[in-house]
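One file, query_17.cif, is given below (mmCIF, C-alpha atoms).
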```cif
data_entry
#
loop_
_atom_site.label_atom_id
_atom_site.label_comp_id
_atom_site.auth_asym_id
_atom_site.auth_seq_id
_atom_site.Cartn_x
_atom_site.Cartn_y
_atom_site.Cartn_z
CA MET A 999 -11.87 164.38 -42.29
CA SER A 1000 -8.16 164.42 -41.44
CA ASP A 1001 -5.63 164.65 -44.28
CA LEU A 1002 -4.02 161.66 -42.60
CA VAL A 1003 -6.82 159.39 -43.86
CA LEU A 1004 -6.95 158.05 -47.41
CA LEU A 1005 -10.34 156.53 -48.16
CA MET A 1006 -9.85 153.51 -50.40
CA GLU A 1007 -12.42 152.87 -53.12
CA PRO A 1008 -12.61 149.33 -54.55
CA GLY A 1009 -10.56 148.64 -57.66
CA SER A 1010 -7.11 149.46 -58.99
CA SER A 1011 -7.48 153.24 -58.92
CA GLY A 1012 -7.79 153.23 -55.14
CA VAL A 1013 -4.67 151.10 -54.82
CA GLU A 1014 -2.76 153.41 -57.17
CA HIS A 1015 -3.50 156.31 -54.81
CA ALA A 1016 -2.29 154.19 -51.89
CA ILE A 1017 0.92 153.30 -53.76
CA ALA A 1018 1.71 156.99 -54.23
CA ARG A 1019 1.15 157.77 -50.54
CA VAL A 1020 3.01 154.71 -49.27
CA ARG A 1021 5.98 155.53 -51.51
CA ARG A 1022 6.20 158.91 -49.79
CA VAL A 1023 5.93 157.33 -46.35
CA LEU A 1024 8.77 154.90 -47.11
CA ALA A 1025 10.87 157.90 -48.15
CA GLY A 1026 10.21 159.52 -44.77
CA ASP A 1027 7.63 162.00 -46.02
CA GLY A 1028 4.61 161.95 -43.72
CA SER A 1029 2.19 159.18 -42.78
CA VAL A 1030 -1.07 157.76 -44.07
CA ALA A 1031 -4.05 155.84 -42.71
CA LEU A 1032 -5.58 153.49 -45.29
CA VAL A 1033 -9.30 153.06 -44.67
CA ALA A 1034 -11.90 151.27 -46.80
CA SER A 1035 -14.55 153.70 -48.04
CA GLY A 1036 -17.52 151.51 -47.17
CA ASN A 1037 -18.78 151.84 -43.56
CA HIS A 1038 -15.65 153.77 -42.69
CA GLU A 1039 -16.93 155.93 -39.83
CA THR A 1040 -15.77 153.59 -37.04
CA ALA A 1041 -12.33 153.15 -38.57
CA VAL A 1042 -11.85 156.90 -39.12
CA THR A 1043 -12.81 157.54 -35.50
CA ALA A 1044 -10.29 154.94 -34.35
CA VAL A 1045 -7.54 156.55 -36.43
CA GLY A 1046 -8.09 159.99 -34.93
CA THR A 1047 -6.21 163.09 -36.05
CA ASP A 1048 -2.95 163.01 -34.09
CA GLU A 1049 0.16 162.71 -36.22
CA PRO A 1050 2.12 159.47 -35.70
CA ILE A 1051 5.42 159.63 -33.84
CA GLY A 1052 7.31 159.02 -37.09
CA PRO A 1053 6.57 158.04 -40.72
CA SER A 1054 3.97 155.29 -40.50
CA VAL A 1055 1.13 153.52 -42.23
CA ILE A 1056 -1.95 153.21 -40.05
CA LEU A 1057 -4.31 150.28 -40.50
CA THR A 1058 -7.36 149.20 -38.55
CA THR A 1059 -7.74 145.67 -37.24
CA SER A 1060 -10.35 143.39 -38.77
CA GLY A 1061 -12.74 143.73 -35.85
CA SER A 1062 -13.67 140.04 -36.14
CA SER A 1063 -14.45 139.94 -32.41
CA GLY A 1064 -15.28 143.54 -31.63
CA THR A 1065 -14.66 147.18 -32.56
CA PRO A 1066 -11.73 147.74 -34.97
CA ARG A 1067 -8.62 149.36 -33.52
CA ALA A 1068 -6.16 151.59 -35.35
CA VAL A 1069 -2.55 150.36 -35.36
CA GLU A 1070 0.55 152.44 -36.13
CA LEU A 1071 3.01 150.56 -38.36
CA PRO A 1072 6.28 152.56 -38.47
CA VAL A 1073 8.45 152.39 -41.57
CA GLU A 1074 11.17 150.50 -39.73
CA ALA A 1075 8.69 147.74 -38.80
CA LEU A 1076 7.41 147.48 -42.39
CA ARG A 1077 10.99 147.28 -43.67
CA ALA A 1078 11.89 144.60 -41.12
CA SER A 1079 8.81 142.58 -42.03
CA ALA A 1080 9.68 142.76 -45.74
CA GLU A 1081 13.33 141.79 -45.23
CA LEU A 1082 12.59 138.85 -42.92
CA ALA A 1083 9.76 137.56 -45.12
CA GLU A 1084 11.66 137.67 -48.40
CA THR A 1085 14.74 136.13 -46.79
CA ARG A 1086 12.56 133.16 -45.81
CA LEU A 1087 10.88 133.06 -49.23
CA GLY A 1088 14.18 132.97 -51.12
CA GLY A 1089 14.79 136.53 -52.27
CA PRO A 1090 13.23 139.88 -53.25
CA GLY A 1091 10.17 139.80 -55.44
CA LEU A 1092 7.52 141.67 -57.36
CA TRP A 1093 4.11 141.20 -55.81
CA LEU A 1094 0.59 140.99 -57.20
CA THR A 1095 -1.89 143.05 -55.15
CA ALA A 1096 -5.12 141.07 -55.19
CA ILE A 1097 -6.44 141.67 -51.67
CA PRO A 1098 -7.32 145.00 -50.00
CA VAL A 1099 -4.36 147.18 -49.00
CA THR A 1100 -6.40 148.29 -45.98
CA GLY A 1101 -5.20 145.02 -44.43
CA ALA A 1102 -1.61 144.06 -43.61
CA GLY A 1103 -1.45 141.29 -46.22
CA GLY A 1104 -2.43 143.60 -49.06
CA LEU A 1105 -0.31 146.48 -47.78
CA ASN A 1106 2.73 144.21 -47.75
CA THR A 1107 2.37 143.48 -51.45
CA VAL A 1108 2.75 147.22 -52.05
CA VAL A 1109 5.51 147.90 -49.51
CA ARG A 1110 7.66 144.94 -50.52
CA SER A 1111 7.43 145.71 -54.23
CA LEU A 1112 8.32 149.38 -53.66
CA LEU A 1113 11.28 148.44 -51.46
CA ASN A 1114 12.51 146.29 -54.37
CA GLY A 1115 12.31 149.23 -56.75
CA VAL A 1116 9.15 148.25 -58.65
CA ASP A 1117 5.44 148.96 -58.45
CA PRO A 1118 3.24 145.97 -57.69
CA VAL A 1119 0.90 144.60 -60.31
CA VAL A 1120 -2.62 145.52 -59.21
CA TRP A 1121 -5.55 143.29 -60.04
CA ALA A 1122 -8.41 145.47 -61.29
CA GLY A 1123 -10.99 143.65 -59.16
CA VAL A 1124 -9.24 144.18 -55.81
CA ALA A 1125 -11.36 144.94 -52.73
CA GLY A 1126 -14.58 143.67 -54.27
CA ALA A 1127 -14.54 145.61 -57.54
CA ALA A 1128 -14.95 142.27 -59.37
CA HIS A 1129 -15.28 138.57 -58.62
CA PHE A 1130 -12.02 136.63 -58.36
CA ASP A 1131 -12.72 134.51 -61.44
CA GLY A 1132 -10.16 132.83 -63.66
CA GLY A 1133 -10.79 135.05 -66.65
CA ALA A 1134 -10.67 138.20 -64.51
CA VAL A 1135 -7.43 137.46 -62.66
CA LEU A 1136 -5.44 135.45 -65.23
CA PRO A 1137 -4.01 138.52 -67.07
CA ALA A 1138 -2.77 140.00 -63.77
CA LEU A 1139 -1.15 136.70 -62.80
CA GLN A 1140 0.61 136.48 -66.16
CA GLU A 1141 1.75 140.10 -66.01
CA THR A 1142 3.16 139.64 -62.53
CA ARG A 1143 5.29 136.69 -63.52
CA ARG A 1144 6.42 138.34 -66.76
CA ARG A 1145 7.42 141.60 -65.08
CA ALA A 1146 9.09 139.81 -62.19
CA ARG A 1147 11.27 137.70 -64.46
CA ALA A 1148 12.17 140.71 -66.61
CA ALA A 1149 13.32 142.56 -63.47
CA GLY A 1150 15.25 139.58 -62.13
CA LEU A 1151 12.82 139.22 -59.21
CA ARG A 1152 10.72 136.41 -57.83
CA ALA A 1153 6.94 136.37 -58.35
CA TYR A 1154 4.80 136.51 -55.20
CA THR A 1155 1.23 137.20 -54.18
CA SER A 1156 -0.92 137.08 -51.08
CA LEU A 1157 -4.45 135.68 -51.27
CA VAL A 1158 -7.31 134.69 -48.99
CA PRO A 1159 -8.64 131.11 -49.03
CA THR A 1160 -11.95 132.06 -50.64
CA GLN A 1161 -10.09 133.26 -53.75
CA ILE A 1162 -8.34 129.92 -54.20
CA SER A 1163 -11.56 128.06 -53.40
CA ARG A 1164 -13.41 129.99 -56.10
CA LEU A 1165 -10.82 129.07 -58.73
CA VAL A 1166 -10.84 125.43 -57.67
CA SER A 1167 -14.65 125.30 -57.71
CA HIS A 1168 -14.83 126.81 -61.21
CA ALA A 1169 -12.04 124.56 -62.49
CA SER A 1170 -13.94 121.50 -61.24
CA ILE A 1171 -16.86 122.32 -63.56
CA GLY A 1172 -14.71 122.84 -66.63
CA ASP A 1173 -13.89 126.56 -66.49
CA LEU A 1174 -10.72 126.64 -68.61
CA ASP A 1175 -9.78 130.15 -67.44
CA ALA A 1176 -9.86 128.93 -63.83
CA VAL A 1177 -7.68 125.96 -64.77
CA GLU A 1178 -5.17 128.28 -66.46
CA ALA A 1179 -5.18 130.62 -63.46
CA LEU A 1180 -4.35 127.73 -61.13
CA LYS A 1181 -1.57 126.64 -63.46
CA GLU A 1182 -0.20 130.18 -63.50
CA LEU A 1183 -0.30 130.35 -59.70
CA ALA A 1184 1.76 127.15 -59.64
CA LEU A 1185 4.51 129.06 -61.48
CA PHE A 1186 4.69 131.72 -58.74
CA ASP A 1187 7.56 131.37 -56.31
CA ALA A 1188 5.18 131.69 -53.36
CA VAL A 1189 1.50 132.32 -52.62
CA LEU A 1190 0.92 133.55 -49.06
CA ILE A 1191 -2.34 132.58 -47.35
CA GLY A 1192 -3.47 133.23 -43.79
CA ALA A 1193 -3.17 129.96 -41.86
CA ASP A 1194 -6.03 130.64 -39.44
CA ALA A 1195 -8.51 130.57 -42.32
CA LEU A 1196 -6.92 127.68 -44.24
CA ASN A 1197 -8.52 124.26 -43.83
CA ASP A 1198 -6.98 120.86 -44.56
CA ASP A 1199 -9.04 120.23 -47.72
CA LEU A 1200 -7.81 123.44 -49.34
CA ARG A 1201 -4.22 122.64 -48.38
CA LYS A 1202 -4.53 119.25 -50.10
CA THR A 1203 -6.09 120.82 -53.19
CA MET A 1204 -3.31 123.39 -53.55
CA ARG A 1205 -0.70 120.67 -53.21
CA ALA A 1206 -2.49 118.72 -55.95
CA TYR A 1207 -2.18 121.78 -58.23
CA ASP A 1208 1.49 122.15 -57.18
CA ILE A 1209 0.91 125.67 -55.85
CA HIS A 1210 3.81 126.80 -53.65
CA PHE A 1211 1.67 128.18 -50.85
CA VAL A 1212 2.90 129.50 -47.52
CA ALA A 1213 0.49 129.39 -44.58
CA THR A 1214 1.10 132.50 -42.48
CA TYR A 1215 0.26 133.47 -38.91
CA GLY A 1216 0.29 137.07 -37.74
CA ALA A 1217 -1.89 140.14 -37.46
CA THR A 1218 -2.05 143.83 -38.20
CA GLU A 1219 -0.01 144.32 -35.02
CA THR A 1220 2.87 142.29 -36.51
CA CYS A 1221 2.76 143.85 -40.01
CA GLY A 1222 1.00 140.70 -41.17
CA GLY A 1223 2.45 137.20 -41.12
CA CYS A 1224 5.47 136.64 -38.89
CA VAL A 1225 5.24 132.83 -38.76
CA TYR A 1226 5.52 130.97 -42.07
CA ASN A 1227 4.42 127.35 -42.31
CA ASP A 1228 4.31 127.18 -38.51
CA GLN A 1229 7.91 128.39 -38.08
CA PRO A 1230 8.75 131.91 -36.81
CA LEU A 1231 10.70 134.16 -39.15
CA LYS A 1232 14.27 134.91 -38.13
CA GLY A 1233 14.29 137.47 -35.33
CA VAL A 1234 10.76 136.58 -34.20
CA GLU A 1235 10.40 135.22 -30.67
CA LEU A 1236 7.25 133.44 -29.53
CA THR A 1237 6.45 133.05 -25.85
CA PHE A 1238 3.33 131.83 -24.10
CA VAL A 1239 1.50 133.20 -21.08
CA GLY A 1240 -0.48 130.88 -18.83
CA ASP A 1241 -1.06 127.16 -18.93
CA ASP A 1242 -0.48 124.93 -21.96
CA PRO A 1243 -1.84 126.05 -24.38
CA GLY A 1244 -0.81 129.58 -23.52
CA GLN A 1245 -1.60 133.01 -24.84
CA ILE A 1246 0.76 133.74 -27.75
CA VAL A 1247 3.13 136.69 -27.33
CA VAL A 1248 5.15 137.89 -30.35
CA THR A 1249 8.39 139.84 -29.95
CA GLY A 1250 10.34 141.15 -32.92
CA PRO A 1251 11.32 144.11 -35.11
CA MET A 1252 8.11 143.92 -37.16
CA VAL A 1253 5.81 144.57 -34.21
CA ALA A 1254 3.74 147.77 -34.51
CA ARG A 1255 4.54 150.84 -32.45
CA ARG A 1256 1.20 151.35 -30.69
CA TYR A 1257 -2.57 151.41 -30.80
CA ARG A 1258 -3.92 154.83 -31.61
CA ASP A 1259 -6.26 154.67 -28.57
CA GLY A 1260 -3.22 154.75 -26.26
CA ASP A 1261 -3.78 151.30 -24.72
CA SER A 1262 -0.31 149.80 -24.18
CA SER A 1263 -1.34 146.74 -22.17
CA THR A 1264 -0.89 144.31 -25.08
CA LEU A 1265 1.18 146.26 -27.63
CA GLY A 1266 4.39 148.22 -27.37
CA ASN A 1267 8.18 148.03 -27.05
CA GLY A 1268 8.42 145.45 -29.80
CA ARG A 1269 5.98 143.07 -28.08
CA TRP A 1270 2.41 142.09 -28.90
CA MET A 1271 0.18 139.85 -26.79
CA SER A 1272 -2.38 138.20 -29.04
CA ASN A 1273 -5.77 136.73 -28.19
CA ASP A 1274 -4.63 133.39 -29.63
CA LEU A 1275 -3.79 130.27 -27.68
CA GLY A 1276 -0.97 128.01 -28.82
CA ARG A 1277 2.14 126.00 -28.07
CA MET A 1278 5.38 124.98 -29.75
CA ARG A 1279 5.63 121.38 -30.95
CA MET A 1280 9.05 120.33 -32.24
CA GLY A 1281 9.90 123.90 -33.26
CA ARG A 1282 6.53 124.56 -34.89
CA LEU A 1283 3.68 126.75 -33.73
CA GLU A 1284 0.43 124.95 -33.05
CA ILE A 1285 -2.53 127.31 -32.72
CA VAL A 1286 -5.23 125.82 -30.52
CA GLY A 1287 -7.80 128.59 -30.33
CA ARG A 1288 -8.45 132.00 -28.84
CA THR A 1289 -8.76 133.26 -25.30
CA ASP A 1290 -12.42 133.98 -25.95
CA ASP A 1291 -12.90 130.43 -27.30
CA GLN A 1292 -12.66 128.98 -23.80
CA ILE A 1293 -15.97 129.07 -21.91
CA LYS A 1294 -17.24 127.57 -18.68
CA VAL A 1295 -20.48 125.59 -18.94
CA GLY A 1296 -21.92 124.17 -15.74
CA GLY A 1297 -18.53 124.36 -14.04
CA HIS A 1298 -16.72 122.65 -16.93
CA ILE A 1299 -14.18 124.40 -19.20
CA VAL A 1300 -15.15 123.90 -22.85
CA ALA A 1301 -12.80 124.65 -25.76
CA LEU A 1302 -14.96 125.74 -28.68
CA PRO A 1303 -12.30 124.95 -31.36
CA LEU A 1304 -12.30 121.32 -30.20
CA ILE A 1305 -16.03 121.11 -30.85
CA ALA A 1306 -15.61 122.64 -34.33
CA ARG A 1307 -12.67 120.34 -35.10
CA HIS A 1308 -14.70 117.31 -34.07
CA LEU A 1309 -17.73 118.36 -36.12
CA ARG A 1310 -15.53 118.85 -39.19
CA THR A 1311 -14.85 115.11 -39.25
CA LEU A 1312 -18.44 114.62 -40.43
CA ALA A 1313 -18.24 114.00 -44.17
CA GLU A 1314 -21.59 115.73 -44.73
CA LEU A 1315 -20.38 118.99 -43.19
CA LYS A 1316 -18.91 121.59 -45.57
CA ASP A 1317 -17.99 124.20 -42.98
CA VAL A 1318 -18.59 125.03 -39.33
CA ALA A 1319 -17.93 127.69 -36.72
CA VAL A 1320 -18.62 127.29 -33.01
CA LEU A 1321 -18.99 130.41 -30.87
CA SER A 1322 -20.42 131.19 -27.45
CA ARG A 1323 -23.55 133.07 -26.51
CA THR A 1324 -24.51 134.34 -23.10
CA ASP A 1325 -27.22 132.34 -21.38
CA ALA A 1326 -29.29 133.29 -18.34
CA GLU A 1327 -29.04 129.81 -16.82
CA TRP A 1328 -25.55 128.62 -17.81
CA GLY A 1329 -23.63 131.86 -18.26
CA HIS A 1330 -22.27 130.86 -21.69
CA VAL A 1331 -23.26 128.08 -24.09
CA PRO A 1332 -21.82 126.80 -27.39
CA VAL A 1333 -23.61 127.64 -30.63
CA ALA A 1334 -22.76 125.79 -33.86
CA PHE A 1335 -23.08 127.50 -37.26
CA VAL A 1336 -23.05 124.76 -39.91
CA VAL A 1337 -22.92 124.76 -43.71
CA GLY A 1338 -24.09 121.98 -46.00
CA CYS A 1339 -25.08 119.42 -43.38
CA PRO A 1340 -28.27 117.35 -43.81
CA VAL A 1341 -27.74 115.59 -40.46
CA GLU A 1342 -30.51 116.25 -37.95
CA ASP A 1343 -29.86 118.61 -35.05
CA GLN A 1344 -30.12 115.89 -32.43
CA VAL A 1345 -27.56 113.73 -34.24
CA LEU A 1346 -25.20 116.70 -34.46
CA ARG A 1347 -25.59 117.35 -30.74
CA GLN A 1348 -24.85 113.74 -29.86
CA PHE A 1349 -21.79 113.78 -32.12
CA ALA A 1350 -20.56 117.02 -30.53
CA ALA A 1351 -20.91 115.53 -27.06
CA ALA A 1352 -18.09 113.12 -27.95
CA ALA A 1353 -15.67 116.07 -28.15
CA THR A 1354 -15.47 117.05 -24.48
CA GLY A 1355 -18.63 115.59 -22.97
CA ARG A 1356 -22.16 116.85 -22.52
CA SER A 1357 -20.93 120.38 -21.81
CA SER A 1358 -19.87 120.65 -25.45
CA ILE A 1359 -23.35 120.04 -26.85
CA PRO A 1360 -24.37 123.14 -28.85
CA MET A 1361 -27.39 124.83 -27.32
CA ASP A 1362 -28.36 126.11 -30.79
CA ILE A 1363 -27.52 124.93 -34.30
CA VAL A 1364 -27.79 127.57 -37.01
CA ARG A 1365 -27.81 126.34 -40.61
CA LEU A 1366 -26.30 128.62 -43.27
CA ASP A 1367 -25.52 128.54 -46.97
CA ALA A 1368 -22.04 129.92 -46.18
CA LEU A 1369 -20.16 131.41 -43.25
CA PRO A 1370 -19.85 135.21 -43.46
CA LEU A 1371 -16.25 136.24 -44.03
CA LEU A 1372 -14.18 139.38 -43.55
CA PRO A 1373 -12.00 140.62 -46.45
CA ASN A 1374 -8.99 138.82 -44.95
CA GLY A 1375 -10.76 135.46 -45.16
CA LYS A 1376 -11.46 135.12 -41.45
CA VAL A 1377 -14.92 134.22 -40.23
CA ASP A 1378 -16.92 137.32 -39.31
CA ARG A 1379 -17.74 136.33 -35.75
CA GLN A 1380 -19.71 139.49 -35.04
CA ARG A 1381 -22.08 138.87 -37.95
CA LEU A 1382 -22.58 135.26 -36.83
CA LEU A 1383 -23.48 136.32 -33.32
CA GLU A 1384 -26.02 138.77 -34.72
CA LEU A 1385 -27.90 136.00 -36.57
#
```
Could you rewrite the structure in this file as structure tokens?
Amino acid sequence: MSDLVLLMEPGSSGVEHAIARVRRVLAGDGSVALVASGNHETAVTAVGTDEPIGPSVILTTSGSSGTPRAVELPVEALRASAELAETRLGGPGLWLTAIPVTGAGGLNTVVRSLLNGVDPVVWAGVAGAAHFDGGAVLPALQETRRRARAAGLRAYTSLVPTQISRLVSHASIGDLDAVEALKELALFDAVLIGADALNDDLRKTMRAYDIHFVATYGATETCGGCVYNDQPLKGVELTFVGDDPGQIVVTGPMVARRYRDGDSSTLGNGRWMSNDLGRMRMGRLEIVGRTDDQIKVGGHIVALPLIARHLRTLAELKDVAVLSRTDAEWGHVPVAFVVGCPVEDQVLRQFAAAATGRSSIPMDIVRLDALPLLPNGKVDRQRLLEL
């Protein structure tokens, strides 16, 4: 295996190794590819062995819709991302690392702390080493805020929705540690959470606990979030290709240098073309879906997110994802994956038909205890399609 690759084991020791390597990269000494140790063969292959053009951190994309791709994040892009983000948040901070640093959100907690002259606080259970329970995470939350205040810095962290949901669920059944953890989070200056995996119920719950959360939009290709609470960071330009809604294109100093496979059709020269569809509404980004969420059924264009959004209005439904499957007769058909819904299949199909007509009726309805998720909180679309 190439010396470029650092295999990341779950837990704080793996992150400590990453901190040491990233510190060197920020100082201009070499590069590193951070790869999770479990099922790492595909990611290592994507990284390859060629040295980056300049000091960089290499991450692989989530692979939520296909094979992961390795992305080169040069130091200058990481620095720009940190500066623009903390300017929007209100100033430099010390960050708690509670999500894997093999993703852009977790990496940023390391990079931004180091750029501010401090090491991040690392939760011992990061990357699946332990459950994100109140008792497990509360000491790390308290230490982050204490150290941040002592250093004259703000206290920040980046989480995925399932972590907040777990605390809320435990607090609702009287777990005092979970209650204290939520109270401690409310004392943080900001808690970043990926907007594409953040539903309205969780937003309302966090507001009820007075947690200062920031819903972010971005990707590995943009060093993580580049749109905060639907508004682009300073220096970030959003354009749209095609009809309304259009394919989102991000231009800015935080955009990655290149894909390691050499494909420059959607990434390069400070520009990244996403697979997301959106529009600007009164200066705010509205994400409508993805390019692969538009299918043609019997000659009719069907937007799968509209079906999911309509189904979510059912009070009995806890969660839902709507994807497409190939079909010998129709080409593509919608498939609904539903959680916690006692409503009969036929009733669900009739309800879905009200979204965009009969073409939006799910051909199949798959009932699950929970939707499979990637470490970044996004739905694992590949696993769903394999069910």
Evaluate the PyMOL selection byres ((chain A and resi 1134-1148) around 7) and report residues as a list in words: Gly1091, Leu1092, Trp1093, Leu1094, Val1119, Trp1121, Phe1130, Asp1131, Gly1132, Gly1133, Ala1149, Gly1150, Leu1151, Arg1152, Ala1153, Ala1179, Glu1182 and Phe1186 of chain A
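Closest approach to Glu1074 of chain A among A:Leu1180, A:Ala1096, A:Ala1254, A:Met1204: A:Ala1254, based on only C-alpha atoms.
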Evaluate the PyMOL selection byres ((chain A and resi 1035) around 7) and report residues as a PyMOL selection string: chain A and resi 1005-1007+1033-1034+1036-1038
Residue with smallest distance to Ala1127 of chain A - pool A:Val1055, A:Ala1041, A:Cys1339, A:Ile1097, counting only C-alpha atoms: A:Ile1097
Explicit residue set for the PyMOL selection byres ((chain A and resi 1106) around 9), as a list in words: Leu1076, Ser1079, Ala1080, Trp1093, Thr1095, Val1099, Gly1101, Ala1102, Gly1103, Gly1104, Leu1105, Thr1107, Val1108, Val1109, Arg1110, Ser1111, Ser1156, Cys1221 and Gly1222 of chain A
Would you pick out the contacts of Gly1216 of chain A at 9 Å or less, using all atoms listed in the file, so that residues sharing its chain but fewer than 6 positions from it are not included, and give the list as a tab-separated table (two decimals) with C-alpha atoms, in the frame of the given file?
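The new file around27.tsv reads:
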```
chain	number	residue	atom	x	y	z
A	1192	GLY	CA	-3.47	133.23	-43.79
A	1193	ALA	CA	-3.17	129.96	-41.86
A	1222	GLY	CA	1.00	140.70	-41.17
A	1223	GLY	CA	2.45	137.20	-41.12
A	1224	CYS	CA	5.47	136.64	-38.89
A	1225	VAL	CA	5.24	132.83	-38.76
A	1248	VAL	CA	5.15	137.89	-30.35
```
Quick one: everything within 12 Å of Gly1268 of chain A, counting only C-alpha atoms, minus sequence neighbours fewer than 3 positions away in the same chain. Send it as a compact mmCIF listing (two decimals) with C-alpha atoms, in the coordinates of the input.
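Resulting contents of part-v9.txt:
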```txt
# COMPACT_ATOMS: atom_id res chain seq x y z
CA LEU A 1071 3.01 150.56 -38.36
CA PRO A 1072 6.28 152.56 -38.47
CA GLU A 1074 11.17 150.50 -39.73
CA ALA A 1075 8.69 147.74 -38.80
CA ALA A 1078 11.89 144.60 -41.12
CA GLU A 1219 -0.01 144.32 -35.02
CA THR A 1220 2.87 142.29 -36.51
CA CYS A 1221 2.76 143.85 -40.01
CA GLY A 1233 14.29 137.47 -35.33
CA VAL A 1234 10.76 136.58 -34.20
CA GLU A 1235 10.40 135.22 -30.67
CA VAL A 1247 3.13 136.69 -27.33
CA VAL A 1248 5.15 137.89 -30.35
CA THR A 1249 8.39 139.84 -29.95
CA GLY A 1250 10.34 141.15 -32.92
CA PRO A 1251 11.32 144.11 -35.11
CA MET A 1252 8.11 143.92 -37.16
CA VAL A 1253 5.81 144.57 -34.21
CA ALA A 1254 3.74 147.77 -34.51
CA ARG A 1255 4.54 150.84 -32.45
CA ARG A 1256 1.20 151.35 -30.69
CA SER A 1262 -0.31 149.80 -24.18
CA THR A 1264 -0.89 144.31 -25.08
CA LEU A 1265 1.18 146.26 -27.63
CA MET A 1271 0.18 139.85 -26.79
```
Close residues, Ala1350 of chain A itself excluded, 8 Å, all atoms listed in the file, min 6 positions apart in chain, as a PyMOL selection string: chain A and resi 1305+1308-1309+1358-1360
Selected residue, from A:Ile1191, A:Leu1024, A:Leu1283, A:Val1345, that lies nearest to Thr1237 of chain A when counting all atoms listed in the file: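 Closest candidate: A:Leu1283.
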For Lys1181 of chain A, please output as a compact mmCIF listing (two decimals) with C-alpha atoms, in the coordinates of the input all residues within 10 Å (counting only C-alpha atoms; exclusion window: fewer than 5 positions along the same chain).
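Dumped to result_32.txt:
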```
# COMPACT_ATOMS: atom_id res chain seq x y z
CA LEU A 1136 -5.44 135.45 -65.23
CA ASP A 1175 -9.78 130.15 -67.44
CA ALA A 1176 -9.86 128.93 -63.83
CA PHE A 1186 4.69 131.72 -58.74
CA TYR A 1207 -2.18 121.78 -58.23
CA ASP A 1208 1.49 122.15 -57.18
CA ILE A 1209 0.91 125.67 -55.85
```
Nearest candidate to Val1331 of chain A (options A:His1298, A:Asp1343, A:Leu1002, A:Lys1316; using all atoms listed in the file):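 Looking only at the distances to Val1331 of chain A, the closest residue turns out to be A:His1298.
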Polymer residues at most 12 Å from (-4.0, 158.7, -40.3) by only C-alpha atoms, as an MDAnalysis selection string: chainID A and resid 999:1005 1019 1023 1028:1033 1041:1058 1068:1071 1258
Proximity to Ser1357 of chain A - best of A:His1330, A:Ala1313, A:Pro1118, A:Leu1236, all atoms listed in the file: A:His1330
Padding of 3 Å on every side, edges along x, y and z, all listed atoms of segment 1040-1045 of chain A included: what centre and edge lengths in Å, to one decimal, does that box have, as lines of an AutoDock Vina configuration file?
```
center_x = -11.7
center_y = 155.3
center_z = -36.7
size_x = 14.2
size_y = 10.4
size_z = 10.8
```
Pairwise distance for atom CA of Asp1367 of chain A and atom CA of Pro1098 of chain A, rounded to one decimal in Å: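 Rounded to one decimal, the two atoms are 24.7 Å apart.
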Please provide as a short mmCIF file (atom, residue, chain, number, x, y, z; two decimals) with C-alpha atoms, in the coordinates of the input all residues within 12 Å of Arg1307 of chain A, with the sequence filter that same-chain residues fewer than 3 positions apart are discarded (counting all atoms listed in the file).
```cif
data_model
loop_
_atom_site.label_atom_id
_atom_site.label_comp_id
_atom_site.auth_asym_id
_atom_site.auth_seq_id
_atom_site.Cartn_x
_atom_site.Cartn_y
_atom_site.Cartn_z
CA ASN A 1197 -8.52 124.26 -43.83
CA ASP A 1198 -6.98 120.86 -44.56
CA VAL A 1286 -5.23 125.82 -30.52
CA GLY A 1287 -7.80 128.59 -30.33
CA ALA A 1301 -12.80 124.65 -25.76
CA LEU A 1302 -14.96 125.74 -28.68
CA PRO A 1303 -12.30 124.95 -31.36
CA LEU A 1304 -12.30 121.32 -30.20
CA ARG A 1310 -15.53 118.85 -39.19
CA THR A 1311 -14.85 115.11 -39.25
CA LEU A 1312 -18.44 114.62 -40.43
CA LEU A 1315 -20.38 118.99 -43.19
CA ASP A 1317 -17.99 124.20 -42.98
CA VAL A 1318 -18.59 125.03 -39.33
CA ALA A 1319 -17.93 127.69 -36.72
CA VAL A 1320 -18.62 127.29 -33.01
CA ALA A 1334 -22.76 125.79 -33.86
CA PHE A 1349 -21.79 113.78 -32.12
CA ALA A 1350 -20.56 117.02 -30.53
CA ALA A 1352 -18.09 113.12 -27.95
CA ALA A 1353 -15.67 116.07 -28.15
CA THR A 1354 -15.47 117.05 -24.48
#
```
